[in-house]
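Trainee: Pasting a structure below so you can have a look.
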Amino acid sequence: MAEWKRILVEGDAVTSNLATANLTQSGSPRTYDVGSSQVLNFEDGTVNFKNSSSATKVQISANSTNVIALLAGGALQFNDSDNTNSCTIDVPSNITSNYTITLPSAGPGGTKILQSDVNGDLSWIDTPSGGGGTIDGSGAANRVAYWSDADTLTSSGDLIFDGTDLRVTNKVVAGTLDAGFINAEVTGLSSDGDLGRGAELLRVATSFATTAGRMYYINSSSSWSAADKDVEAAADGFLVVASGTNATDGMLIRGIMRLGSGAIGGTPAVGDKLYLSDNGTFTVDTSAYTTGDFVRAVGHYIATNTIYFNPSQEYIELA
């Protein structure tokens, strides 16, 4: 105690009770030597270390769960052996709520990474295999992500899952499709050749110029010609409707499509039956048909400029 009392005398507080004494440090650095074999105990209470502005930066509390607290955004710094460089563990400038991170109860025992559960308890786990990848930034709400190549994660507006329904648009679905039902809803159809949901599309590899919303048939040269009521070969063949300006855009076999102006003759009303007319067009009026014309039903008019295409396999020739 002789050394400790000497310190108190230098601080102008001759007492052995720190609770009633003030130790005043002068501007010059001082060294207080407790002794190599001595122990300095602070029992109960809280010890604060303040800066020159009297703001507490470090707090040691023997009666608190958090024994050492770095206050006011303080960071924990570890220096190397000669104090040339340091490593600092810092916290965000604003922590939104209190939380605790608990270290594992044992060492990693190998090459591991740390994983946290919902309580902040850390554990060692094996490093996941596989290389890193990139995200191309095309994500949006409800899109299904997929790897466009070995390292890039992407998505498309043609593949949507909203938590209940999976929607695939303008994409080829290979293999077996097991669906409770196919939604044939008419939505977002604004341009010639736009397809409604559930449409069946024939994918064509060979380029051939087409007019969207017009009917075609496969001719004897394995190419496409405009369907027509005046010629039997052009009326009784395998009929499709172009969805774009080229056969490679897809040819509608059956389903809902929007047609442009001039594609339907007569004055169609919702529910009217549609028939094959001239040069790949449709009509609801067969009164102008003459001897030698071929009458073939090809679908129904279901909304403004919108049809359900489902060509009959039967036709008749007017005598």
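Letters for chains follow the order of the structure tokens (A, B, ...), residue numbers begin at 1 for each chain, and ligand numbers begin at 1 in the order shown.
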To test your reading of the structure, identify every residue in stretch 141-220 of chain A that backbone DSSP assigns to strand (DSSP E), and report it as a PDB file with C-alpha atoms, in the first residue's frame.

Mentor:
```pdb
ATOM      1  CA  ARG A 143     -39.151 -13.213 -61.624  1.00  0.00           C
ATOM      2  CA  VAL A 144     -37.569 -16.676 -61.359  1.00  0.00           C
ATOM      3  CA  ALA A 145     -33.770 -16.459 -61.373  1.00  0.00           C
ATOM      4  CA  TYR A 146     -31.666 -18.890 -63.394  1.00  0.00           C
ATOM      5  CA  TRP A 147     -28.035 -19.273 -64.467  1.00  0.00           C
ATOM      6  CA  SER A 148     -27.608 -17.902 -67.982  1.00  0.00           C
ATOM      7  CA  ASP A 149     -24.102 -19.356 -67.990  1.00  0.00           C
ATOM      8  CA  THR A 152     -24.068 -15.313 -64.251  1.00  0.00           C
ATOM      9  CA  LEU A 153     -27.411 -15.315 -62.442  1.00  0.00           C
ATOM     10  CA  THR A 154     -30.178 -13.630 -64.419  1.00  0.00           C
ATOM     11  CA  SER A 155     -33.961 -13.563 -64.822  1.00  0.00           C
ATOM     12  CA  SER A 156     -36.605 -12.913 -67.455  1.00  0.00           C
ATOM     13  CA  GLY A 157     -40.054 -11.380 -67.530  1.00  0.00           C
ATOM     14  CA  ASP A 158     -41.113 -14.514 -69.420  1.00  0.00           C
ATOM     15  CA  LEU A 159     -40.697 -16.672 -66.295  1.00  0.00           C
ATOM     16  CA  ILE A 160     -42.843 -15.446 -63.379  1.00  0.00           C
ATOM     17  CA  PHE A 161     -43.831 -17.040 -60.070  1.00  0.00           C
ATOM     18  CA  LEU A 166     -46.031 -20.072 -62.376  1.00  0.00           C
ATOM     19  CA  ARG A 167     -46.264 -18.283 -65.743  1.00  0.00           C
ATOM     20  CA  VAL A 168     -44.068 -19.072 -68.752  1.00  0.00           C
ATOM     21  CA  GLU A 200     -50.104 -23.373 -78.557  1.00  0.00           C
ATOM     22  CA  LEU A 201     -47.299 -22.185 -80.794  1.00  0.00           C
ATOM     23  CA  LEU A 202     -45.448 -24.010 -83.576  1.00  0.00           C
ATOM     24  CA  MET A 215     -53.621 -17.481 -91.631  1.00  0.00           C
ATOM     25  CA  TYR A 216     -51.164 -19.724 -93.472  1.00  0.00           C
ATOM     26  CA  TYR A 217     -50.991 -23.384 -94.439  1.00  0.00           C
ATOM     27  CA  ILE A 218     -48.117 -25.743 -95.152  1.00  0.00           C
TER      28      ILE A 218
END
```

Trainee: Find the residues near A:Ala106: any atom within 10 Å, counting only C-alpha atoms, skip ones fewer than 2 places away on the same chain, and give them as a list in words.

Mentor: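 Surrounding residues, per the criterion: Leu103, Pro104, Pro108, Gly109, Ser123 and Trp124 of chain A.
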
Trainee: Give me, as a tab-separated table, the closest atom pair and its distance (Å, one decimal) for every residue of stretch 70-118 of chain A within a cut-off of 8 Å of stretch 45-57 of chain A, counting only C-alpha atoms, rows sorted by chain and rising number.

Mentor:
```
residue	atom	partner	partner_atom	distance
A:Leu70	CA	A:Lys57	CA	5.9
A:Leu71	CA	A:Lys57	CA	4.8
A:Ala72	CA	A:Lys57	CA	6.3
A:Gly74	CA	A:Lys57	CA	6.6
```

Trainee: For the residues selected in the previous step, produce a file with N, CA and C atoms as a PDB file, in the first residue's frame.

Mentor:
```pdb
ATOM      1  N   LEU A  70     -17.426  -0.072 -25.254  1.00  0.00           N
ATOM      2  CA  LEU A  70     -16.825   1.012 -26.038  1.00  0.00           C
ATOM      3  C   LEU A  70     -17.964   1.921 -26.472  1.00  0.00           C
ATOM      4  N   LEU A  71     -17.998   3.132 -25.925  1.00  0.00           N
ATOM      5  CA  LEU A  71     -19.151   4.008 -26.099  1.00  0.00           C
ATOM      6  C   LEU A  71     -18.945   4.995 -27.235  1.00  0.00           C
ATOM      7  N   ALA A  72     -20.054   5.628 -27.631  1.00  0.00           N
ATOM      8  CA  ALA A  72     -20.064   6.700 -28.642  1.00  0.00           C
ATOM      9  C   ALA A  72     -19.374   6.280 -29.935  1.00  0.00           C
ATOM     10  N   GLY A  74     -17.222   3.865 -30.388  1.00  0.00           N
ATOM     11  CA  GLY A  74     -15.839   3.448 -30.249  1.00  0.00           C
ATOM     12  C   GLY A  74     -15.558   2.152 -30.971  1.00  0.00           C
TER      13      GLY A  74
END
```

Trainee: Could you state the separation of atom CA of A:Pro128 and atom CA of A:Gly110 in Å, given to one decimal place?

Mentor: 13.8 Å

Trainee: Name the closest residue to A:Arg214 among the candidates A:Leu276, A:Ile113, A:Val186, A:Ile135; distances are taken between atoms, counting only C-alpha atoms.

Mentor: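 With only C-alpha atoms as the atom set, the closest residue is A:Leu276.
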
Trainee: So that I can check the surroundings of stretch 242-255 of chain A, please list as a PDB file with N, CA and C atoms, in the first residue's frame every protein, DNA and RNA residue that reaches within 12 Å of it, counting only C-alpha atoms and ignoring chain neighbours fewer than 5 positions away.

Mentor:
```
ATOM      1  N   ASN A 170     -43.673 -17.058 -74.018  1.00  0.00           N
ATOM      2  CA  ASN A 170     -42.750 -16.991 -75.157  1.00  0.00           C
ATOM      3  C   ASN A 170     -41.496 -17.833 -74.954  1.00  0.00           C
ATOM      4  N   LYS A 171     -41.612 -18.904 -74.189  1.00  0.00           N
ATOM      5  CA  LYS A 171     -40.485 -19.798 -73.982  1.00  0.00           C
ATOM      6  C   LYS A 171     -40.918 -21.233 -74.270  1.00  0.00           C
ATOM      7  N   VAL A 172     -39.955 -22.055 -74.663  1.00  0.00           N
ATOM      8  CA  VAL A 172     -40.233 -23.452 -74.935  1.00  0.00           C
ATOM      9  C   VAL A 172     -40.160 -24.236 -73.628  1.00  0.00           C
ATOM     10  N   ILE A 182     -54.560 -24.785 -67.473  1.00  0.00           N
ATOM     11  CA  ILE A 182     -53.865 -23.793 -68.286  1.00  0.00           C
ATOM     12  C   ILE A 182     -54.718 -22.541 -68.339  1.00  0.00           C
ATOM     13  N   ASN A 183     -54.176 -21.433 -67.876  1.00  0.00           N
ATOM     14  CA  ASN A 183     -54.907 -20.170 -67.825  1.00  0.00           C
ATOM     15  C   ASN A 183     -54.947 -19.555 -69.222  1.00  0.00           C
ATOM     16  N   ALA A 184     -56.131 -19.483 -69.813  1.00  0.00           N
ATOM     17  CA  ALA A 184     -56.290 -18.927 -71.158  1.00  0.00           C
ATOM     18  C   ALA A 184     -56.757 -17.478 -71.105  1.00  0.00           C
ATOM     19  N   GLU A 185     -56.410 -16.785 -70.029  1.00  0.00           N
ATOM     20  CA  GLU A 185     -56.864 -15.410 -69.823  1.00  0.00           C
ATOM     21  C   GLU A 185     -56.364 -14.483 -70.926  1.00  0.00           C
ATOM     22  N   VAL A 186     -57.203 -13.543 -71.341  1.00  0.00           N
ATOM     23  CA  VAL A 186     -56.830 -12.546 -72.342  1.00  0.00           C
ATOM     24  C   VAL A 186     -56.300 -11.324 -71.602  1.00  0.00           C
ATOM     25  N   LEU A 189     -53.098  -7.727 -74.577  1.00  0.00           N
ATOM     26  CA  LEU A 189     -53.015  -7.898 -76.025  1.00  0.00           C
ATOM     27  C   LEU A 189     -53.290  -6.561 -76.698  1.00  0.00           C
ATOM     28  N   SER A 191     -51.153  -5.499 -79.807  1.00  0.00           N
ATOM     29  CA  SER A 191     -50.593  -5.423 -81.161  1.00  0.00           C
ATOM     30  C   SER A 191     -50.978  -6.650 -81.973  1.00  0.00           C
ATOM     31  N   ASP A 192     -50.904  -6.510 -83.295  1.00  0.00           N
ATOM     32  CA  ASP A 192     -51.194  -7.625 -84.190  1.00  0.00           C
ATOM     33  C   ASP A 192     -50.306  -8.818 -83.830  1.00  0.00           C
ATOM     34  N   GLY A 193     -50.931  -9.998 -83.681  1.00  0.00           N
ATOM     35  CA  GLY A 193     -50.174 -11.199 -83.403  1.00  0.00           C
ATOM     36  C   GLY A 193     -49.900 -11.461 -81.937  1.00  0.00           C
ATOM     37  N   ASP A 194     -50.304 -10.542 -81.040  1.00  0.00           N
ATOM     38  CA  ASP A 194     -50.102 -10.788 -79.609  1.00  0.00           C
ATOM     39  C   ASP A 194     -50.894 -12.011 -79.175  1.00  0.00           C
ATOM     40  N   LEU A 195     -50.270 -12.849 -78.361  1.00  0.00           N
ATOM     41  CA  LEU A 195     -50.874 -14.115 -77.942  1.00  0.00           C
ATOM     42  C   LEU A 195     -51.420 -14.039 -76.530  1.00  0.00           C
ATOM     43  N   GLY A 196     -52.584 -14.660 -76.320  1.00  0.00           N
ATOM     44  CA  GLY A 196     -53.115 -14.802 -74.980  1.00  0.00           C
ATOM     45  C   GLY A 196     -52.468 -15.977 -74.280  1.00  0.00           C
ATOM     46  N   ARG A 197     -52.659 -16.059 -72.979  1.00  0.00           N
ATOM     47  CA  ARG A 197     -52.087 -17.158 -72.213  1.00  0.00           C
ATOM     48  C   ARG A 197     -52.671 -18.501 -72.670  1.00  0.00           C
ATOM     49  N   GLY A 198     -51.835 -19.512 -72.639  1.00  0.00           N
ATOM     50  CA  GLY A 198     -52.280 -20.848 -72.997  1.00  0.00           C
ATOM     51  C   GLY A 198     -52.234 -21.141 -74.480  1.00  0.00           C
ATOM     52  N   ALA A 199     -51.743 -20.194 -75.279  1.00  0.00           N
ATOM     53  CA  ALA A 199     -51.694 -20.419 -76.730  1.00  0.00           C
ATOM     54  C   ALA A 199     -50.685 -21.513 -77.062  1.00  0.00           C
ATOM     55  N   GLU A 200     -51.021 -22.345 -78.068  1.00  0.00           N
ATOM     56  CA  GLU A 200     -50.104 -23.373 -78.557  1.00  0.00           C
ATOM     57  C   GLU A 200     -49.403 -22.839 -79.795  1.00  0.00           C
ATOM     58  N   LEU A 201     -48.073 -22.826 -79.743  1.00  0.00           N
ATOM     59  CA  LEU A 201     -47.299 -22.185 -80.794  1.00  0.00           C
ATOM     60  C   LEU A 201     -46.387 -23.206 -81.468  1.00  0.00           C
ATOM     61  N   LEU A 202     -46.353 -23.168 -82.808  1.00  0.00           N
ATOM     62  CA  LEU A 202     -45.448 -24.010 -83.576  1.00  0.00           C
ATOM     63  C   LEU A 202     -44.163 -23.233 -83.820  1.00  0.00           C
ATOM     64  N   ARG A 203     -43.055 -23.774 -83.337  1.00  0.00           N
ATOM     65  CA  ARG A 203     -41.763 -23.147 -83.554  1.00  0.00           C
ATOM     66  C   ARG A 203     -41.202 -23.587 -84.902  1.00  0.00           C
ATOM     67  N   VAL A 204     -40.835 -22.616 -85.735  1.00  0.00           N
ATOM     68  CA  VAL A 204     -40.383 -22.875 -87.094  1.00  0.00           C
ATOM     69  C   VAL A 204     -38.929 -22.459 -87.225  1.00  0.00           C
ATOM     70  N   ALA A 205     -38.087 -23.344 -87.771  1.00  0.00           N
ATOM     71  CA  ALA A 205     -36.658 -23.062 -87.886  1.00  0.00           C
ATOM     72  C   ALA A 205     -36.322 -22.267 -89.147  1.00  0.00           C
ATOM     73  N   THR A 206     -37.081 -22.480 -90.238  1.00  0.00           N
ATOM     74  CA  THR A 206     -36.767 -21.851 -91.523  1.00  0.00           C
ATOM     75  C   THR A 206     -37.440 -20.489 -91.636  1.00  0.00           C
ATOM     76  N   SER A 207     -36.668 -19.498 -92.036  1.00  0.00           N
ATOM     77  CA  SER A 207     -37.188 -18.138 -92.164  1.00  0.00           C
ATOM     78  C   SER A 207     -38.187 -18.042 -93.313  1.00  0.00           C
ATOM     79  N   PHE A 208     -39.298 -17.342 -93.046  1.00  0.00           N
ATOM     80  CA  PHE A 208     -40.304 -17.089 -94.073  1.00  0.00           C
ATOM     81  C   PHE A 208     -41.084 -15.841 -93.666  1.00  0.00           C
ATOM     82  N   ALA A 209     -41.114 -14.836 -94.546  1.00  0.00           N
ATOM     83  CA  ALA A 209     -41.788 -13.574 -94.225  1.00  0.00           C
ATOM     84  C   ALA A 209     -43.287 -13.793 -94.075  1.00  0.00           C
ATOM     85  N   THR A 210     -43.865 -13.257 -93.023  1.00  0.00           N
ATOM     86  CA  THR A 210     -45.298 -13.407 -92.754  1.00  0.00           C
ATOM     87  C   THR A 210     -45.893 -12.075 -92.335  1.00  0.00           C
ATOM     88  N   THR A 211     -47.210 -12.041 -92.282  1.00  0.00           N
ATOM     89  CA  THR A 211     -47.938 -10.886 -91.746  1.00  0.00           C
ATOM     90  C   THR A 211     -48.614 -11.318 -90.455  1.00  0.00           C
ATOM     91  N   ALA A 212     -48.317 -10.644 -89.370  1.00  0.00           N
ATOM     92  CA  ALA A 212     -48.875 -11.025 -88.074  1.00  0.00           C
ATOM     93  C   ALA A 212     -50.399 -10.993 -88.115  1.00  0.00           C
ATOM     94  N   GLY A 213     -51.030 -12.055 -87.620  1.00  0.00           N
ATOM     95  CA  GLY A 213     -52.483 -12.109 -87.564  1.00  0.00           C
ATOM     96  C   GLY A 213     -53.133 -12.658 -88.819  1.00  0.00           C
ATOM     97  N   ARG A 214     -52.350 -13.187 -89.740  1.00  0.00           N
ATOM     98  CA  ARG A 214     -52.903 -13.778 -90.957  1.00  0.00           C
ATOM     99  C   ARG A 214     -52.705 -15.291 -90.935  1.00  0.00           C
ATOM    100  N   MET A 215     -53.674 -16.021 -91.589  1.00  0.00           N
ATOM    101  CA  MET A 215     -53.621 -17.481 -91.631  1.00  0.00           C
ATOM    102  C   MET A 215     -52.735 -17.983 -92.768  1.00  0.00           C
ATOM    103  N   TYR A 216     -52.008 -19.080 -92.486  1.00  0.00           N
ATOM    104  CA  TYR A 216     -51.164 -19.724 -93.472  1.00  0.00           C
ATOM    105  C   TYR A 216     -51.390 -21.230 -93.389  1.00  0.00           C
ATOM    106  N   TYR A 217     -50.956 -21.929 -94.460  1.00  0.00           N
ATOM    107  CA  TYR A 217     -50.991 -23.384 -94.439  1.00  0.00           C
ATOM    108  C   TYR A 217     -49.672 -23.902 -94.988  1.00  0.00           C
ATOM    109  N   ILE A 218     -49.331 -25.132 -94.619  1.00  0.00           N
ATOM    110  CA  ILE A 218     -48.117 -25.743 -95.152  1.00  0.00           C
ATOM    111  C   ILE A 218     -48.394 -26.232 -96.560  1.00  0.00           C
ATOM    112  N   SER A 223     -43.274 -25.258 -97.281  1.00  0.00           N
ATOM    113  CA  SER A 223     -43.158 -23.858 -96.901  1.00  0.00           C
ATOM    114  C   SER A 223     -44.563 -23.361 -96.559  1.00  0.00           C
ATOM    115  N   TRP A 224     -44.737 -22.045 -96.512  1.00  0.00           N
ATOM    116  CA  TRP A 224     -46.010 -21.481 -96.075  1.00  0.00           C
ATOM    117  C   TRP A 224     -46.642 -20.656 -97.178  1.00  0.00           C
ATOM    118  N   SER A 225     -47.937 -20.791 -97.323  1.00  0.00           N
ATOM    119  CA  SER A 225     -48.710 -19.977 -98.263  1.00  0.00           C
ATOM    120  C   SER A 225     -49.938 -19.457 -97.534  1.00  0.00           C
ATOM    121  N   ALA A 226     -50.478 -18.324 -98.037  1.00  0.00           N
ATOM    122  CA  ALA A 226     -51.659 -17.749 -97.402  1.00  0.00           C
ATOM    123  C   ALA A 226     -52.860 -18.680 -97.594  1.00  0.00           C
ATOM    124  N   ALA A 227     -53.568 -18.953 -96.508  1.00  0.00           N
ATOM    125  CA  ALA A 227     -54.793 -19.758 -96.602  1.00  0.00           C
ATOM    126  C   ALA A 227     -55.850 -18.974 -97.369  1.00  0.00           C
ATOM    127  N   GLY A 260     -55.207  -7.529 -86.264  1.00  0.00           N
ATOM    128  CA  GLY A 260     -55.245  -6.128 -86.625  1.00  0.00           C
ATOM    129  C   GLY A 260     -56.481  -5.782 -87.444  1.00  0.00           C
ATOM    130  N   GLY A 280     -55.667 -15.290 -96.272  1.00  0.00           N
ATOM    131  CA  GLY A 280     -55.312 -15.463 -94.877  1.00  0.00           C
ATOM    132  C   GLY A 280     -56.159 -14.691 -93.891  1.00  0.00           C
ATOM    133  N   THR A 281     -57.269 -14.103 -94.346  1.00  0.00           N
ATOM    134  CA  THR A 281     -58.126 -13.331 -93.447  1.00  0.00           C
ATOM    135  C   THR A 281     -59.282 -14.188 -92.936  1.00  0.00           C
ATOM    136  N   VAL A 298     -62.998 -21.704 -88.359  1.00  0.00           N
ATOM    137  CA  VAL A 298     -61.618 -21.661 -87.838  1.00  0.00           C
ATOM    138  C   VAL A 298     -61.532 -21.127 -86.412  1.00  0.00           C
ATOM    139  N   GLY A 299     -62.661 -20.765 -85.811  1.00  0.00           N
ATOM    140  CA  GLY A 299     -62.590 -20.261 -84.437  1.00  0.00           C
ATOM    141  C   GLY A 299     -63.758 -19.370 -84.079  1.00  0.00           C
ATOM    142  N   HIS A 300     -63.567 -18.538 -83.025  1.00  0.00           N
ATOM    143  CA  HIS A 300     -64.624 -17.650 -82.555  1.00  0.00           C
ATOM    144  C   HIS A 300     -64.053 -16.274 -82.204  1.00  0.00           C
ATOM    145  N   TYR A 301     -64.909 -15.281 -82.326  1.00  0.00           N
ATOM    146  CA  TYR A 301     -64.571 -13.904 -81.959  1.00  0.00           C
ATOM    147  C   TYR A 301     -64.926 -13.739 -80.479  1.00  0.00           C
ATOM    148  N   ILE A 302     -63.919 -13.457 -79.609  1.00  0.00           N
ATOM    149  CA  ILE A 302     -64.177 -13.473 -78.171  1.00  0.00           C
ATOM    150  C   ILE A 302     -64.017 -12.121 -77.481  1.00  0.00           C
ATOM    151  N   THR A 306     -60.018  -9.717 -81.041  1.00  0.00           N
ATOM    152  CA  THR A 306     -59.378 -10.872 -80.423  1.00  0.00           C
ATOM    153  C   THR A 306     -60.180 -12.130 -80.728  1.00  0.00           C
ATOM    154  N   ILE A 307     -59.455 -13.185 -81.127  1.00  0.00           N
ATOM    155  CA  ILE A 307     -60.120 -14.427 -81.525  1.00  0.00           C
ATOM    156  C   ILE A 307     -59.589 -15.604 -80.716  1.00  0.00           C
ATOM    157  N   TYR A 308     -60.372 -16.662 -80.686  1.00  0.00           N
ATOM    158  CA  TYR A 308     -59.874 -17.970 -80.239  1.00  0.00           C
ATOM    159  C   TYR A 308     -59.758 -18.812 -81.494  1.00  0.00           C
ATOM    160  N   PHE A 309     -58.536 -19.156 -81.880  1.00  0.00           N
ATOM    161  CA  PHE A 309     -58.264 -19.905 -83.105  1.00  0.00           C
ATOM    162  C   PHE A 309     -58.270 -21.401 -82.802  1.00  0.00           C
ATOM    163  N   ASN A 310     -59.172 -22.127 -83.463  1.00  0.00           N
ATOM    164  CA  ASN A 310     -59.289 -23.578 -83.262  1.00  0.00           C
ATOM    165  C   ASN A 310     -59.925 -24.158 -84.519  1.00  0.00           C
ATOM    166  N   PRO A 311     -59.156 -24.271 -85.607  1.00  0.00           N
ATOM    167  CA  PRO A 311     -59.737 -24.648 -86.901  1.00  0.00           C
ATOM    168  C   PRO A 311     -60.344 -26.040 -86.923  1.00  0.00           C
ATOM    169  N   SER A 312     -61.514 -26.121 -87.526  1.00  0.00           N
ATOM    170  CA  SER A 312     -62.175 -27.406 -87.688  1.00  0.00           C
ATOM    171  C   SER A 312     -61.400 -28.267 -88.686  1.00  0.00           C
TER     172      SER A 312
END
```

Trainee: Could you pull the residues within 10 Å of A:Thr304, counting only C-alpha atoms, minus those fewer than 3 positions along the same chain, as a PyMOL selection string?

Mentor: chain A and resi 258-259+268-270+301+307

Trainee: How would the residues just picked look written out with N, CA and C atoms as a short mmCIF file (atom, residue, chain, number, x, y, z; two decimals), in the first residue's frame?

Mentor:
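Saved to again-v2.cif:
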```cif
data_model
loop_
_atom_site.label_atom_id
_atom_site.label_comp_id
_atom_site.auth_asym_id
_atom_site.auth_seq_id
_atom_site.Cartn_x
_atom_site.Cartn_y
_atom_site.Cartn_z
N ARG A 258 -54.64 -11.61 -80.81
CA ARG A 258 -55.23 -10.34 -81.24
C ARG A 258 -54.89 -10.13 -82.71
N LEU A 259 -55.92 -9.72 -83.49
CA LEU A 259 -55.74 -9.46 -84.91
C LEU A 259 -55.83 -7.96 -85.18
N PRO A 268 -68.16 -8.37 -86.79
CA PRO A 268 -68.15 -9.42 -85.77
C PRO A 268 -68.67 -8.94 -84.42
N ALA A 269 -69.35 -9.81 -83.73
CA ALA A 269 -69.80 -9.59 -82.36
C ALA A 269 -69.23 -10.70 -81.50
N VAL A 270 -69.03 -10.41 -80.22
CA VAL A 270 -68.46 -11.40 -79.32
C VAL A 270 -69.29 -12.68 -79.36
N TYR A 301 -64.91 -15.28 -82.33
CA TYR A 301 -64.57 -13.90 -81.96
C TYR A 301 -64.93 -13.74 -80.48
N ILE A 307 -59.46 -13.19 -81.13
CA ILE A 307 -60.12 -14.43 -81.53
C ILE A 307 -59.59 -15.60 -80.72
#
```

Trainee: Mind listing the helix (DSSP H, G or I) residues of stretch 84-316 of chain A, per DSSP on the backbone, as an MDAnalysis selection string?

Mentor: chainID A and resid 232:235 247:249

Trainee: Separation of atom CA of A:Ser220 and atom CA of A:Ala233, in Å?

Mentor: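 We find that atom CA of A:Ser220 and atom CA of A:Ala233 lie 9.2 Å from each other.
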
Trainee: For a test of reading the model, state the distance in Å between atom CA of A:Gly237 and atom CA of A:Ser261, rounded to one decimal.

Mentor: 24.9 Å

Trainee: May I have the residues within 9 Å of A:Leu122 as a short mmCIF file (atom, residue, chain, number, x, y, z; two decimals) with C-alpha atoms, in the first residue's frame, using only C-alpha atoms and disregarding those fewer than 6 positions away in the same chain?

Mentor:
```
data_model
loop_
_atom_site.label_atom_id
_atom_site.label_comp_id
_atom_site.auth_asym_id
_atom_site.auth_seq_id
_atom_site.Cartn_x
_atom_site.Cartn_y
_atom_site.Cartn_z
CA ILE A 101 -23.10 -12.29 -31.27
CA THR A 102 -21.89 -15.41 -29.42
CA LEU A 103 -18.63 -17.09 -30.47
CA PRO A 104 -18.42 -20.87 -31.05
CA SER A 105 -17.62 -23.04 -28.04
CA LEU A 114 -18.60 -18.87 -39.48
CA GLN A 115 -22.37 -19.18 -39.71
CA SER A 116 -24.95 -17.47 -37.50
#
```
